[in-house]
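Working notes for the structure below.
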Amino acid sequence: MTRLIAFAAATLIAATPAAAQEPDAKQIAQERRAAEKDVPQLAEVLRLKPGMTVADIGSGGGAFTVVFGKWIGGGKVYATDLTERALRLTREYAAREGLTNVTVLEGAPGATNLPAACCDAMFMRDVYHHVTEVEAFNKSLYASLKPGGRLAILDFRPDPGSKLFPGVPANREGHGIKPNLIEDELKAAGFTHVTTIERWPPDDKNPLFLVLFTKP
């Protein structure tokens, strides 16, 4: 998946016009292929097993939510986003796939709005660099995760000279974020840094990295 497509799918914070064009069949299929490839590897890193609970923070079009919903079996998937469009797309996608283990919740700039200690694992894909209320949001992430649970942040480094997303801290240095900033900010919220994988998925040309944390 190219960065352009990945950015278009990351709708957690972006203000999307009500009349925005719906994703076409080609885009839906491309995002589904990426999710089918990525989810088993991501589940392994997160130490997930069928029957557990995972949260897709910033679900966008819903492909990762749906694939995790099938993978987790008797478990549960929470999907959150800020825009009504993304919430609707995710709900409709899960319904088309016949999934009853997906719960879609509206998030907030400074909170996941998930129940306390509800998740065995959580992930944010192409989303964290959009977060504007960093300290409050990260505290909410911490509260939503069970002790011993894992959090994966998948994101990309900023291109030199690129514009900051509106409202994010200036230390982002452009559109994107550096892994060390993610590590510092999540550690300040109480998380323990486990590892950073410089390219994610490891066998892909996608310019994402993965920063992995656990809650003590």
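The chains in the structure tokens are called A, B, ... from first to last as shown; in each chain the residues are counted from 1, and the ligands are counted from 1 in the order shown.
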Enumerate, in order of chain and increasing residue number, the residues of range 74-163 of chain A with an atom no farther than 8 Å from range 50-60 of chain A, each with its shortest atom pair and distance in Å to one decimal, counting only C-alpha atoms, as CSV.
residue,atom,partner,partner_atom,distance
A:Gly74,CA,A:Gly51,CA,4.7
A:Gly75,CA,A:Gly51,CA,3.5
A:Lys76,CA,A:Thr53,CA,4.6
A:Val77,CA,A:Val54,CA,5.1
A:Tyr78,CA,A:Ala55,CA,4.5
A:Ala79,CA,A:Asp56,CA,4.8
A:Thr80,CA,A:Ile57,CA,5.1
A:Asp81,CA,A:Gly58,CA,4.6
A:Leu82,CA,A:Gly58,CA,7.5
A:Ala86,CA,A:Gly60,CA,5.0
A:Leu87,CA,A:Gly60,CA,7.6
A:Leu89,CA,A:Gly60,CA,7.7
A:Thr90,CA,A:Ser59,CA,6.9
A:Thr112,CA,A:Ile57,CA,7.4
A:Cys118,CA,A:Thr53,CA,7.3
A:Cys119,CA,A:Thr53,CA,5.1
A:Asp120,CA,A:Thr53,CA,5.4
A:Ala121,CA,A:Val54,CA,4.9
A:Met122,CA,A:Ala55,CA,4.6
A:Phe123,CA,A:Asp56,CA,5.5
A:Met124,CA,A:Ile57,CA,5.1
A:Arg125,CA,A:Gly58,CA,7.3
A:Val127,CA,A:Gly58,CA,6.3
Put those residues in a file: N, CA and C atoms, as a PDB file, in the first residue's frame.
ATOM      1  N   GLY A  74     -14.164 -16.244  18.570  1.00  0.00           N
ATOM      2  CA  GLY A  74     -15.074 -15.952  19.681  1.00  0.00           C
ATOM      3  C   GLY A  74     -14.662 -14.780  20.524  1.00  0.00           C
ATOM      4  N   GLY A  75     -13.603 -14.093  20.144  1.00  0.00           N
ATOM      5  CA  GLY A  75     -13.169 -12.890  20.861  1.00  0.00           C
ATOM      6  C   GLY A  75     -13.949 -11.665  20.413  1.00  0.00           C
ATOM      7  N   LYS A  76     -13.369 -10.495  20.646  1.00  0.00           N
ATOM      8  CA  LYS A  76     -14.080  -9.245  20.361  1.00  0.00           C
ATOM      9  C   LYS A  76     -13.129  -8.223  19.763  1.00  0.00           C
ATOM     10  N   VAL A  77     -13.663  -7.422  18.859  1.00  0.00           N
ATOM     11  CA  VAL A  77     -12.909  -6.316  18.270  1.00  0.00           C
ATOM     12  C   VAL A  77     -13.656  -5.020  18.538  1.00  0.00           C
ATOM     13  N   TYR A  78     -12.966  -4.066  19.147  1.00  0.00           N
ATOM     14  CA  TYR A  78     -13.468  -2.699  19.247  1.00  0.00           C
ATOM     15  C   TYR A  78     -12.872  -1.894  18.094  1.00  0.00           C
ATOM     16  N   ALA A  79     -13.678  -1.084  17.449  1.00  0.00           N
ATOM     17  CA  ALA A  79     -13.208  -0.178  16.405  1.00  0.00           C
ATOM     18  C   ALA A  79     -13.616   1.235  16.791  1.00  0.00           C
ATOM     19  N   THR A  80     -12.667   2.153  16.793  1.00  0.00           N
ATOM     20  CA  THR A  80     -12.977   3.537  17.119  1.00  0.00           C
ATOM     21  C   THR A  80     -12.504   4.460  16.005  1.00  0.00           C
ATOM     22  N   ASP A  81     -13.148   5.590  15.897  1.00  0.00           N
ATOM     23  CA  ASP A  81     -12.742   6.639  14.976  1.00  0.00           C
ATOM     24  C   ASP A  81     -13.430   7.921  15.402  1.00  0.00           C
ATOM     25  N   LEU A  82     -13.009   9.024  14.805  1.00  0.00           N
ATOM     26  CA  LEU A  82     -13.606  10.319  15.140  1.00  0.00           C
ATOM     27  C   LEU A  82     -14.687  10.747  14.160  1.00  0.00           C
ATOM     28  N   ALA A  86     -16.272   7.344   8.859  1.00  0.00           N
ATOM     29  CA  ALA A  86     -15.473   6.159   9.147  1.00  0.00           C
ATOM     30  C   ALA A  86     -16.241   5.174  10.021  1.00  0.00           C
ATOM     31  N   LEU A  87     -16.967   5.682  10.995  1.00  0.00           N
ATOM     32  CA  LEU A  87     -17.762   4.809  11.857  1.00  0.00           C
ATOM     33  C   LEU A  87     -18.817   4.070  11.048  1.00  0.00           C
ATOM     34  N   LEU A  89     -18.753   3.440   7.747  1.00  0.00           N
ATOM     35  CA  LEU A  89     -18.112   2.488   6.844  1.00  0.00           C
ATOM     36  C   LEU A  89     -17.725   1.207   7.579  1.00  0.00           C
ATOM     37  N   THR A  90     -17.194   1.365   8.788  1.00  0.00           N
ATOM     38  CA  THR A  90     -16.777   0.189   9.551  1.00  0.00           C
ATOM     39  C   THR A  90     -17.982  -0.653   9.954  1.00  0.00           C
ATOM     40  N   THR A 112      -9.928   7.451  23.981  1.00  0.00           N
ATOM     41  CA  THR A 112     -10.386   6.348  23.133  1.00  0.00           C
ATOM     42  C   THR A 112     -11.877   6.118  23.286  1.00  0.00           C
ATOM     43  N   CYS A 118     -10.268  -2.982  28.948  1.00  0.00           N
ATOM     44  CA  CYS A 118     -11.125  -3.863  28.152  1.00  0.00           C
ATOM     45  C   CYS A 118     -10.362  -4.723  27.165  1.00  0.00           C
ATOM     46  N   CYS A 119      -9.122  -4.356  26.859  1.00  0.00           N
ATOM     47  CA  CYS A 119      -8.442  -4.958  25.721  1.00  0.00           C
ATOM     48  C   CYS A 119      -7.175  -5.723  26.112  1.00  0.00           C
ATOM     49  N   ASP A 120      -6.987  -6.855  25.452  1.00  0.00           N
ATOM     50  CA  ASP A 120      -5.731  -7.595  25.571  1.00  0.00           C
ATOM     51  C   ASP A 120      -4.648  -6.948  24.722  1.00  0.00           C
ATOM     52  N   ALA A 121      -5.065  -6.266  23.666  1.00  0.00           N
ATOM     53  CA  ALA A 121      -4.125  -5.600  22.774  1.00  0.00           C
ATOM     54  C   ALA A 121      -4.840  -4.495  22.014  1.00  0.00           C
ATOM     55  N   MET A 122      -4.061  -3.528  21.537  1.00  0.00           N
ATOM     56  CA  MET A 122      -4.586  -2.425  20.747  1.00  0.00           C
ATOM     57  C   MET A 122      -3.561  -2.061  19.689  1.00  0.00           C
ATOM     58  N   PHE A 123      -4.034  -1.477  18.595  1.00  0.00           N
ATOM     59  CA  PHE A 123      -3.104  -0.993  17.584  1.00  0.00           C
ATOM     60  C   PHE A 123      -3.652   0.262  16.923  1.00  0.00           C
ATOM     61  N   MET A 124      -2.727   1.076  16.424  1.00  0.00           N
ATOM     62  CA  MET A 124      -3.057   2.281  15.670  1.00  0.00           C
ATOM     63  C   MET A 124      -2.214   2.251  14.404  1.00  0.00           C
ATOM     64  N   ARG A 125      -2.867   2.260  13.251  1.00  0.00           N
ATOM     65  CA  ARG A 125      -2.164   2.157  11.973  1.00  0.00           C
ATOM     66  C   ARG A 125      -2.369   3.437  11.171  1.00  0.00           C
ATOM     67  N   VAL A 127      -2.191   6.453  12.139  1.00  0.00           N
ATOM     68  CA  VAL A 127      -3.120   7.289  12.890  1.00  0.00           C
ATOM     69  C   VAL A 127      -2.419   8.160  13.928  1.00  0.00           C
TER      70      VAL A 127
END
Strand (DSSP E or B) positions in range 96-213 of chain A, given as a PyMOL selection string:
chain A and resi 102-106+108+111+119-125+145-155+192-200+208-213
With only C-alpha atoms as the basis for distance, which of A:Gly176, A:Val67, A:Arg88, A:Glu133 is at the shortest distance from Ala108 in chain A?
A:Glu133
Find the nearest atom pair between each residue of range 43-157 of chain A and range 33-39 of chain A for residues within 8 Å, count only C-alpha atoms, give distances in Å to one decimal, sort rows by chain and ascending number, and present the table as CSV.
residue,atom,partner,partner_atom,distance
A:Ala43,CA,A:Val39,CA,5.9
A:Ala63,CA,A:Ala35,CA,6.2
A:Phe64,CA,A:Ala35,CA,5.2
A:Val67,CA,A:Glu36,CA,6.4
A:Phe68,CA,A:Val39,CA,6.6
Can those selected residues be exported to a file as a compact mmCIF listing (two decimals), in the first residue's frame so that it contains C-alpha atoms?
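Written file, out_0.txt:
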# COMPACT_ATOMS: atom_id res chain seq x y z
CA ALA A 43 -1.53 -10.69 15.94
CA ALA A 63 -10.66 -3.53 6.59
CA PHE A 64 -8.42 -4.30 9.56
CA VAL A 67 -10.12 -9.19 9.18
CA PHE A 68 -9.37 -9.15 12.91
Using only C-alpha atoms, which of the listed residues (A:His130, A:Arg47, A:Lys178, A:Lys205) sits closest to Leu151 in chain A?
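Distance minimum relative to Leu151 in chain A lands on A:Arg47.
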